[in-house]
>>> print(open('target-v5.cif').read())   # mmCIF, C-alpha atoms
data_work
loop_
_atom_site.label_atom_id
_atom_site.label_comp_id
_atom_site.auth_asym_id
_atom_site.auth_seq_id
_atom_site.Cartn_x
_atom_site.Cartn_y
_atom_site.Cartn_z
CA MET A 114 -186.04 169.87 -68.31
CA ALA A 115 -184.12 172.50 -66.38
CA GLU A 116 -181.19 171.19 -64.38
CA SER A 117 -181.27 171.47 -60.61
CA PRO A 118 -178.78 173.84 -58.92
CA ALA A 119 -177.17 170.88 -57.16
CA GLN A 120 -176.64 169.14 -60.46
CA THR A 121 -175.17 172.28 -62.00
CA THR A 122 -172.71 172.63 -59.13
CA PHE A 123 -171.69 168.99 -59.34
CA ALA A 124 -171.26 169.15 -63.12
CA ASP A 125 -169.27 172.39 -62.92
CA GLU A 126 -166.96 171.04 -60.24
CA ALA A 127 -166.53 167.74 -62.08
CA LEU A 128 -165.77 169.45 -65.37
CA GLY A 129 -163.10 171.48 -63.61
CA HIS A 130 -161.07 168.24 -63.59
CA LEU A 131 -161.65 167.44 -67.25
CA ASP A 132 -158.09 168.12 -68.41
CA THR A 133 -156.69 165.78 -65.76
CA LEU A 134 -159.09 163.03 -66.78
CA TYR A 135 -158.54 163.58 -70.48
CA ARG A 136 -154.73 163.52 -70.13
CA GLY A 137 -154.93 160.38 -68.02
CA ALA A 138 -157.26 158.68 -70.51
CA LEU A 139 -155.07 159.75 -73.41
CA ARG A 140 -151.97 158.27 -71.81
CA LEU A 141 -153.79 155.08 -70.79
CA THR A 142 -155.52 154.41 -74.11
CA ARG A 143 -152.86 156.09 -76.30
CA ASP A 144 -155.69 157.07 -78.64
CA PRO A 145 -157.59 160.43 -78.67
CA ASP A 146 -160.93 158.92 -79.76
CA GLN A 147 -160.80 156.15 -77.19
CA ALA A 148 -159.76 158.71 -74.59
CA GLN A 149 -162.84 160.83 -75.30
CA ASP A 150 -165.12 157.77 -75.14
CA LEU A 151 -163.59 156.72 -71.85
CA VAL A 152 -163.85 160.17 -70.29
CA GLN A 153 -167.42 160.62 -71.46
CA GLU A 154 -168.42 157.29 -69.97
CA ALA A 155 -166.62 158.19 -66.74
CA TYR A 156 -168.51 161.47 -66.44
CA LEU A 157 -171.86 159.83 -67.12
CA ARG A 158 -171.10 157.23 -64.49
CA ALA A 159 -169.99 159.93 -62.06
CA LEU A 160 -173.26 161.78 -62.62
CA ARG A 161 -175.22 158.60 -62.02
CA TYR A 162 -173.36 157.86 -58.80
CA GLN A 163 -172.87 161.42 -57.61
CA HIS A 164 -174.69 160.55 -54.36
CA SER A 165 -171.70 158.38 -53.44
CA TYR A 166 -169.31 161.34 -53.69
CA GLN A 167 -168.75 163.03 -50.35
CA PRO A 168 -168.54 166.81 -50.84
CA GLY A 169 -165.29 168.24 -49.56
CA THR A 170 -163.28 165.13 -50.38
CA ASN A 171 -160.93 164.83 -53.35
CA MET A 172 -163.19 164.94 -56.41
CA LYS A 173 -160.28 164.72 -58.84
CA ALA A 174 -159.17 161.43 -57.26
CA TRP A 175 -162.75 160.14 -57.21
CA LEU A 176 -163.26 160.92 -60.90
CA PHE A 177 -159.87 159.49 -61.86
CA ALA A 178 -160.71 156.29 -60.00
CA ILE A 179 -163.96 155.95 -61.97
CA MET A 180 -162.13 156.56 -65.23
CA ARG A 181 -159.29 154.11 -64.59
CA ASN A 182 -161.71 151.43 -63.36
CA LEU A 183 -163.63 151.79 -66.61
CA PHE A 184 -160.36 151.58 -68.47
CA TRP A 185 -159.50 148.32 -66.76
CA ASP A 186 -163.00 146.94 -67.36
CA ARG A 187 -162.66 147.68 -71.05
CA PHE A 188 -159.09 146.64 -71.47
CA LYS A 189 -158.94 143.64 -69.17
CA GLY A 190 -157.23 141.61 -71.86
CA SER A 191 -154.28 143.95 -71.76
CA ARG A 192 -153.58 143.19 -68.11
CA LYS A 193 -151.16 140.56 -69.34
CA GLU A 194 -149.04 143.49 -70.52
CA ASP A 195 -148.07 143.99 -66.93
CA VAL A 196 -145.92 140.93 -66.73
CA SER A 197 -144.00 142.27 -69.67
CA LEU A 198 -142.37 145.11 -67.76
CA ASP A 199 -138.74 144.66 -68.63
CA ASP A 200 -136.56 143.96 -65.69
CA ALA A 201 -134.65 147.20 -65.71
CA GLY A 202 -132.79 145.94 -62.64
CA ASP A 203 -131.44 148.74 -60.55
CA PHE A 204 -131.08 151.06 -63.51
CA MET A 205 -130.38 154.62 -62.46
CA LEU A 206 -129.92 156.98 -65.38
CA TYR A 207 -127.98 159.53 -63.35
CA GLU A 208 -125.37 157.00 -62.26
CA LYS A 209 -125.15 155.42 -65.70
CA LEU A 210 -124.51 158.76 -67.40
CA ARG A 211 -122.12 160.01 -64.76
CA ASP A 212 -120.11 156.78 -64.94
CA GLU A 213 -119.93 157.27 -68.70
CA GLY A 214 -118.51 160.73 -68.34
CA ALA A 215 -121.59 162.72 -69.32
CA ARG A 216 -123.11 165.62 -67.44
CA PRO A 217 -126.48 163.91 -66.80
CA GLU A 218 -128.64 167.00 -66.66
CA ALA A 219 -127.00 169.41 -69.09
CA ASP A 220 -125.85 166.88 -71.67
CA VAL A 221 -128.80 164.55 -71.66
CA LEU A 222 -131.92 165.62 -69.76
CA ASP A 223 -132.02 169.07 -71.33
CA LYS A 224 -131.83 167.51 -74.80
CA LEU A 225 -134.68 165.05 -74.50
CA ALA A 226 -137.73 166.00 -76.55
CA ALA A 227 -141.12 166.07 -74.83
CA SER A 228 -142.44 163.61 -77.42
CA GLU A 229 -139.78 161.09 -76.42
CA VAL A 230 -140.63 161.45 -72.75
CA VAL A 231 -144.32 160.90 -73.54
CA ALA A 232 -143.39 157.86 -75.65
CA ALA A 233 -141.36 156.46 -72.75
CA VAL A 234 -144.28 156.96 -70.35
CA GLU A 235 -146.71 155.34 -72.79
CA LYS A 236 -144.36 152.39 -73.16
CA LEU A 237 -144.79 151.53 -69.48
CA PRO A 238 -147.32 148.80 -68.71
CA PRO A 239 -150.65 150.40 -67.66
CA LEU A 240 -150.38 149.46 -63.96
CA HIS A 241 -147.06 151.29 -63.77
CA ARG A 242 -148.05 154.04 -66.19
CA GLU A 243 -151.04 155.09 -64.10
CA VAL A 244 -148.89 155.57 -60.98
CA VAL A 245 -146.53 157.87 -62.89
CA LEU A 246 -149.53 159.79 -64.24
CA LEU A 247 -150.99 160.28 -60.79
CA VAL A 248 -147.83 161.08 -58.82
CA ASP A 249 -145.52 162.72 -61.36
CA VAL A 250 -147.93 164.36 -63.79
CA GLU A 251 -150.92 165.20 -61.60
CA GLY A 252 -149.05 165.65 -58.33
CA PHE A 253 -151.08 163.21 -56.22
CA SER A 254 -149.70 162.25 -52.83
CA TYR A 255 -148.88 158.56 -52.33
CA LYS A 256 -151.95 158.34 -50.08
CA ASP A 257 -154.31 159.82 -52.69
CA ALA A 258 -152.75 157.69 -55.43
CA ALA A 259 -153.20 154.57 -53.26
CA GLN A 260 -156.83 155.46 -52.63
CA THR A 261 -157.47 156.15 -56.31
CA LEU A 262 -155.91 152.87 -57.40
CA GLY A 263 -157.30 150.82 -54.52
CA VAL A 264 -153.88 149.53 -53.44
CA PRO A 265 -151.69 149.98 -50.34
CA ILE A 266 -149.24 152.90 -50.24
CA GLY A 267 -146.34 150.42 -50.35
CA THR A 268 -147.62 149.16 -53.71
CA VAL A 269 -147.73 152.72 -55.05
CA MET A 270 -144.13 153.22 -53.93
CA SER A 271 -142.84 149.99 -55.42
CA ARG A 272 -144.70 150.46 -58.72
CA LEU A 273 -143.46 154.03 -58.93
CA HIS A 274 -139.88 152.98 -58.28
CA ARG A 275 -139.98 150.28 -60.93
CA ALA A 276 -141.76 152.58 -63.36
CA ARG A 277 -139.11 155.26 -62.93
CA GLN A 278 -136.31 152.79 -63.49
CA GLN A 279 -137.97 151.52 -66.64
CA LEU A 280 -138.62 155.07 -67.79
CA GLN A 281 -134.98 155.99 -67.25
CA LYS A 282 -133.90 152.89 -69.16
CA SER A 283 -136.14 153.87 -72.10
CA LEU A 284 -134.80 157.43 -72.08
CA TYR A 285 -131.24 156.12 -71.98
CA ASP A 286 -131.92 153.83 -74.94
CA TYR A 287 -133.40 156.79 -76.81
CA ALA A 288 -130.41 158.98 -75.92
CA ILE A 289 -128.12 156.36 -77.45
CA GLU A 290 -130.29 155.81 -80.55
CA SER A 291 -130.50 159.53 -81.21
CA GLY A 292 -126.80 160.08 -80.64
CA ILE A 293 -127.15 162.24 -77.52
CA VAL A 294 -124.81 159.80 -75.79
CA ARG A 295 -122.57 157.28 -77.42
CA GLY A 296 -123.11 154.18 -75.35
CA SER A 297 -121.11 151.96 -73.12
CA ASN A 298 -118.02 154.10 -73.08
CA GLY A 299 -120.39 156.96 -73.02
CA GLN A 300 -118.64 159.97 -74.36
CA VAL A 301 -121.15 162.64 -74.98
CA ALA A 302 -121.86 162.95 -78.67
CA HIS A 303 -122.92 166.58 -78.64
CA GLN A 304 -121.45 169.06 -76.22
CA MET B 204 -126.90 159.04 -42.92
CA ASN B 205 -124.72 157.56 -45.68
CA CYS B 206 -125.10 157.63 -49.48
CA PRO B 207 -127.03 154.30 -49.83
CA ASP B 208 -129.49 155.44 -47.13
CA CYS B 209 -129.91 158.73 -48.95
CA LYS B 210 -130.42 157.01 -52.28
CA GLU B 211 -133.03 154.75 -50.74
CA LYS B 212 -135.02 157.77 -49.57
CA LEU B 213 -134.55 159.86 -52.72
CA ASP B 214 -137.87 158.91 -54.37
CA ARG B 215 -139.79 159.96 -51.30
CA PHE B 216 -137.68 163.09 -50.90
CA VAL B 217 -138.38 164.15 -54.49
CA ASP B 218 -142.08 163.39 -53.95
CA ARG B 219 -142.15 165.27 -50.60
CA GLU B 220 -143.32 162.16 -48.79
CA LEU B 221 -140.70 161.95 -46.02
CA THR B 222 -141.45 162.56 -42.37
CA ASN B 223 -139.99 165.76 -40.92
CA THR B 224 -137.19 163.82 -39.23
CA GLU B 225 -136.28 161.93 -42.41
CA LEU B 226 -136.46 165.17 -44.38
CA LEU B 227 -133.95 166.87 -42.12
CA GLU B 228 -131.62 163.87 -42.24
CA VAL B 229 -131.67 163.83 -46.04
CA GLN B 230 -131.23 167.61 -46.29
CA LEU B 231 -128.27 167.46 -43.94
CA HIS B 232 -126.66 164.68 -45.98
CA LEU B 233 -127.26 166.50 -49.28
CA GLU B 234 -125.61 169.66 -47.96
CA GLY B 235 -122.42 167.72 -47.32
CA CYS B 236 -122.46 165.36 -50.33
CA PRO B 237 -122.20 166.99 -53.77
CA ASP B 238 -122.73 163.68 -55.58
CA CYS B 239 -126.01 162.90 -53.81
CA MET B 240 -127.04 166.54 -54.31
CA ASP B 241 -126.40 166.23 -58.07
CA ASN B 242 -128.36 162.98 -58.12
CA TYR B 243 -131.24 164.62 -56.26
CA GLU B 244 -131.29 167.58 -58.66
CA PHE B 245 -131.28 165.17 -61.59
CA GLN B 246 -134.21 163.16 -60.20
CA ALA B 247 -136.16 166.34 -59.44
CA SER B 248 -135.48 167.65 -62.97
CA LEU B 249 -136.57 164.35 -64.47
CA LYS B 250 -139.82 164.48 -62.50
CA ARG B 251 -140.44 168.04 -63.75
CA LEU B 252 -139.62 166.94 -67.31
CA VAL B 253 -142.14 164.10 -67.14
CA LYS B 254 -144.80 166.48 -65.84
CA ARG B 255 -144.04 169.18 -68.40
CA SER B 256 -144.03 166.69 -71.26
CA CYS B 257 -147.27 164.97 -70.29
CA ASP B 258 -149.45 167.78 -68.98
CA CYS B 259 -149.60 169.95 -72.10
CA ASP B 260 -152.56 167.99 -73.48
CA THR B 261 -155.91 169.55 -72.74
CA ALA B 262 -159.40 168.38 -73.62
CA PRO B 263 -160.56 169.73 -77.01
CA PRO B 264 -163.04 172.63 -76.54
CA ALA B 265 -165.76 170.88 -78.61
CA PHE B 266 -165.48 167.81 -76.35
CA ARG B 267 -165.72 169.97 -73.24
CA GLU B 268 -168.87 171.61 -74.60
CA LYS B 269 -170.36 168.24 -75.51
CA LEU B 270 -169.80 166.99 -71.97
CA ARG B 271 -171.21 170.19 -70.49
CA GLN B 272 -174.43 169.61 -72.40
CA LEU B 273 -174.52 165.92 -71.51
CA LEU B 274 -174.13 166.65 -67.81
CA SER B 275 -176.72 169.42 -67.64
#
>>> encode(input="target-v5.cif", output="C-alpha cells")
Amino acid sequence: MAESPAQTTFADEALGHLDTLYRGALRLTRDPDQAQDLVQEAYLRALRYQHSYQPGTNMKAWLFAIMRNLFWDRFKGSRKEDVSLDDAGDFMLYEKLRDEGARPEADVLDKLAASEVVAAVEKLPPLHREVVLLVDVEGFSYKDAAQTLGVPIGTVMSRLHRARQQLQKSLYDYAIESGIVRGSNGQVAHQ
Amino acid sequence: MNCPDCKEKLDRFVDRELTNTELLEVQLHLEGCPDCMDNYEFQASLKRLVKRSCDCDTAPPAFREKLRQLLS
C-alpha cells in the first residue's frame, strides 16, 4: 500500500535524527546490535504514536525520550548500576593536574585518545551517562534534557556535575596508567 | 564575584545556561583572573573533546535503509 504524504513527511523528519538516536543507543547499550534493535523499536513506536507528537516541537528530544524509555524498560535490572557511581568527591581534573605541575590542556587533554574518552563515558552509570550524551554530545539545553528525561532541571544539573567529576576521575586514572602523567607528585611523563 | 563563586557557575557558563546578569559577572571575573580563565578553557575543551569523541558514530547505511523501508 502506498504511504500517505503525511506519513512520508513524518518518517523523513524522524529519520533525520537517526544518527543522534543511534549514537545514544550505542553509548547506552554499548553494543551495536542491541543499539540497532533499540533504535528500530523506538522508530516503530514513534510511528505508532506519531499522533502524540506536536509538529513544531523538538522531534529529536521526543524520539530520544522514546528510545531511552525503551532502554530503561529493557534494562531495568541494570538500574542498580546507578548506586555504584564511585564517589569522585569534588574531583576536578584541571586543579589536580595544575597542582601536580602539569599543563592540564597541552600535556594531558590533547593527548587523550578518543577511544579512551568514549570508554570513560561508557563507564558512567546509565542515568549519568544519558545526561552527558544529551548535554555534551548532542547539545541539548538543560530544559530540553530535563523534558527528555522526565526530571527537574536541578536533577539534570546535579547528575551532569557528578558525571563530569566521575568522567574526569576516569580520564585522570587513564592518564596515569598510560604514563601521560606520573601520579601523585605529578610530573608530566611526556613533554 | 570571587573564585569559588565563579567555579560554582562554571558548568552553567560552559553550557551557556547562565542568565545575562550571571554571564556578565562571570565574564568580568574571568577577564581579571587568569587561573579561572585557564580552568574555564580547560572545561570548555573537555566538553568539546567529549563531543568530538562520541559523535563520530553514525548509523550504518544498510540500517538506515532498513528503517526507511519499515517506516514507509
>>> atom_distance(input="target-v5.cif", atom1="CA of Val250 (chain A)", atom2="CA of Ala226 (chain A)")
16.4 Å
>>> closest_atom_pairs(input="target-v5.cif", of="chain B", to="chain A", cutoff="8 Å", atoms="only C-alpha atoms", output="CSV")
residue,atom,partner,partner_atom,distance
B:Asp214,CA,A:His274,CA,7.4
B:Asp218,CA,A:Ser254,CA,7.8
B:Glu220,CA,A:Tyr255,CA,7.5
B:Asn242,CA,A:Tyr207,CA,6.3
B:Phe245,CA,A:Glu218,CA,6.0
B:Gln246,CA,A:Tyr207,CA,7.9
B:Ser248,CA,A:Glu218,CA,7.8
B:Leu249,CA,A:Leu222,CA,7.2
B:Lys250,CA,A:Asp249,CA,6.1
B:Arg251,CA,A:Asp249,CA,7.7
B:Leu252,CA,A:Ala227,CA,7.7
B:Val253,CA,A:Val230,CA,6.4
B:Lys254,CA,A:Val250,CA,4.3
B:Arg255,CA,A:Ala227,CA,7.7
B:Ser256,CA,A:Ala227,CA,4.6
B:Cys257,CA,A:Val231,CA,6.0
B:Asp258,CA,A:Val250,CA,6.4
B:Asp260,CA,A:Arg136,CA,6.0
B:Thr261,CA,A:Asp132,CA,5.1
B:Ala262,CA,A:Asp132,CA,5.4
B:Phe266,CA,A:Gln149,CA,7.5
B:Arg267,CA,A:Leu131,CA,7.7
B:Leu270,CA,A:Gln153,CA,6.8
B:Arg271,CA,A:Ala124,CA,7.4
B:Leu273,CA,A:Leu157,CA,8.0
B:Leu274,CA,A:Ala124,CA,6.0
B:Ser275,CA,A:Glu116,CA,5.8
>>> atom_distance(input="target-v5.cif", atom1="CA of Gln278 (chain A)", atom2="CA of Phe204 (chain A)")
5.5 Å
>>> residues_around(input="target-v5.cif", residues="region 222-239 of chain B", least_positions_apart="6", cutoff="8 Å", atoms="only C-alpha atoms", output="list in words")
Met204, Asn205, Cys206, Cys209, Lys210, Lys212 and Phe216 of chain B
>>> atom_distance(input="target-v5.cif", atom1="CA of Tyr166 (chain A)", atom2="CA of Gln147 (chain A)")
25.5 Å
>>> build_atoms(input="target-v5.cif", residues="region 211-231 of chain B", atoms="N, CA and C atoms", output="compact mmCIF listing (two decimals), keeping the file's coordinate frame")
# COMPACT_ATOMS: atom_id res chain seq x y z
N GLU B 211 -131.81 155.52 -51.01
CA GLU B 211 -133.03 154.75 -50.74
C GLU B 211 -134.22 155.67 -50.46
N LYS B 212 -133.93 156.85 -49.92
CA LYS B 212 -135.02 157.77 -49.57
C LYS B 212 -135.26 158.83 -50.65
N LEU B 213 -134.50 158.77 -51.73
CA LEU B 213 -134.55 159.86 -52.72
C LEU B 213 -135.92 159.99 -53.41
N ASP B 214 -136.53 158.85 -53.76
CA ASP B 214 -137.87 158.91 -54.37
C ASP B 214 -138.82 159.70 -53.48
N ARG B 215 -138.84 159.31 -52.21
CA ARG B 215 -139.79 159.96 -51.30
C ARG B 215 -139.41 161.40 -51.00
N PHE B 216 -138.11 161.71 -51.08
CA PHE B 216 -137.68 163.09 -50.90
C PHE B 216 -138.16 163.94 -52.07
N VAL B 217 -137.95 163.44 -53.29
CA VAL B 217 -138.38 164.15 -54.49
C VAL B 217 -139.91 164.34 -54.49
N ASP B 218 -140.62 163.33 -53.96
CA ASP B 218 -142.08 163.39 -53.95
C ASP B 218 -142.63 164.07 -52.69
N ARG B 219 -141.75 164.59 -51.86
CA ARG B 219 -142.15 165.27 -50.60
C ARG B 219 -143.02 164.37 -49.73
N GLU B 220 -142.56 163.13 -49.58
CA GLU B 220 -143.32 162.16 -48.79
C GLU B 220 -142.56 161.70 -47.54
N LEU B 221 -141.46 162.35 -47.21
CA LEU B 221 -140.70 161.95 -46.02
C LEU B 221 -141.30 162.58 -44.77
N THR B 222 -141.07 161.94 -43.64
CA THR B 222 -141.45 162.56 -42.37
C THR B 222 -140.49 163.73 -42.12
N ASN B 223 -140.85 164.59 -41.21
CA ASN B 223 -139.99 165.76 -40.92
C ASN B 223 -138.59 165.34 -40.50
N THR B 224 -138.50 164.28 -39.70
CA THR B 224 -137.19 163.82 -39.23
C THR B 224 -136.35 163.31 -40.40
N GLU B 225 -136.99 162.47 -41.24
CA GLU B 225 -136.28 161.93 -42.41
C GLU B 225 -135.85 163.06 -43.35
N LEU B 226 -136.73 164.03 -43.49
CA LEU B 226 -136.46 165.17 -44.38
C LEU B 226 -135.21 165.91 -43.94
N LEU B 227 -135.12 166.16 -42.65
CA LEU B 227 -133.95 166.87 -42.12
C LEU B 227 -132.68 166.05 -42.32
N GLU B 228 -132.80 164.74 -42.08
CA GLU B 228 -131.62 163.87 -42.24
C GLU B 228 -131.12 163.91 -43.68
N VAL B 229 -132.06 163.82 -44.62
CA VAL B 229 -131.67 163.83 -46.04
C VAL B 229 -131.08 165.19 -46.41
N GLN B 230 -131.74 166.26 -45.96
CA GLN B 230 -131.23 167.61 -46.29
C GLN B 230 -129.81 167.80 -45.77
N LEU B 231 -129.59 167.32 -44.56
CA LEU B 231 -128.27 167.46 -43.94
C LEU B 231 -127.22 166.69 -44.75
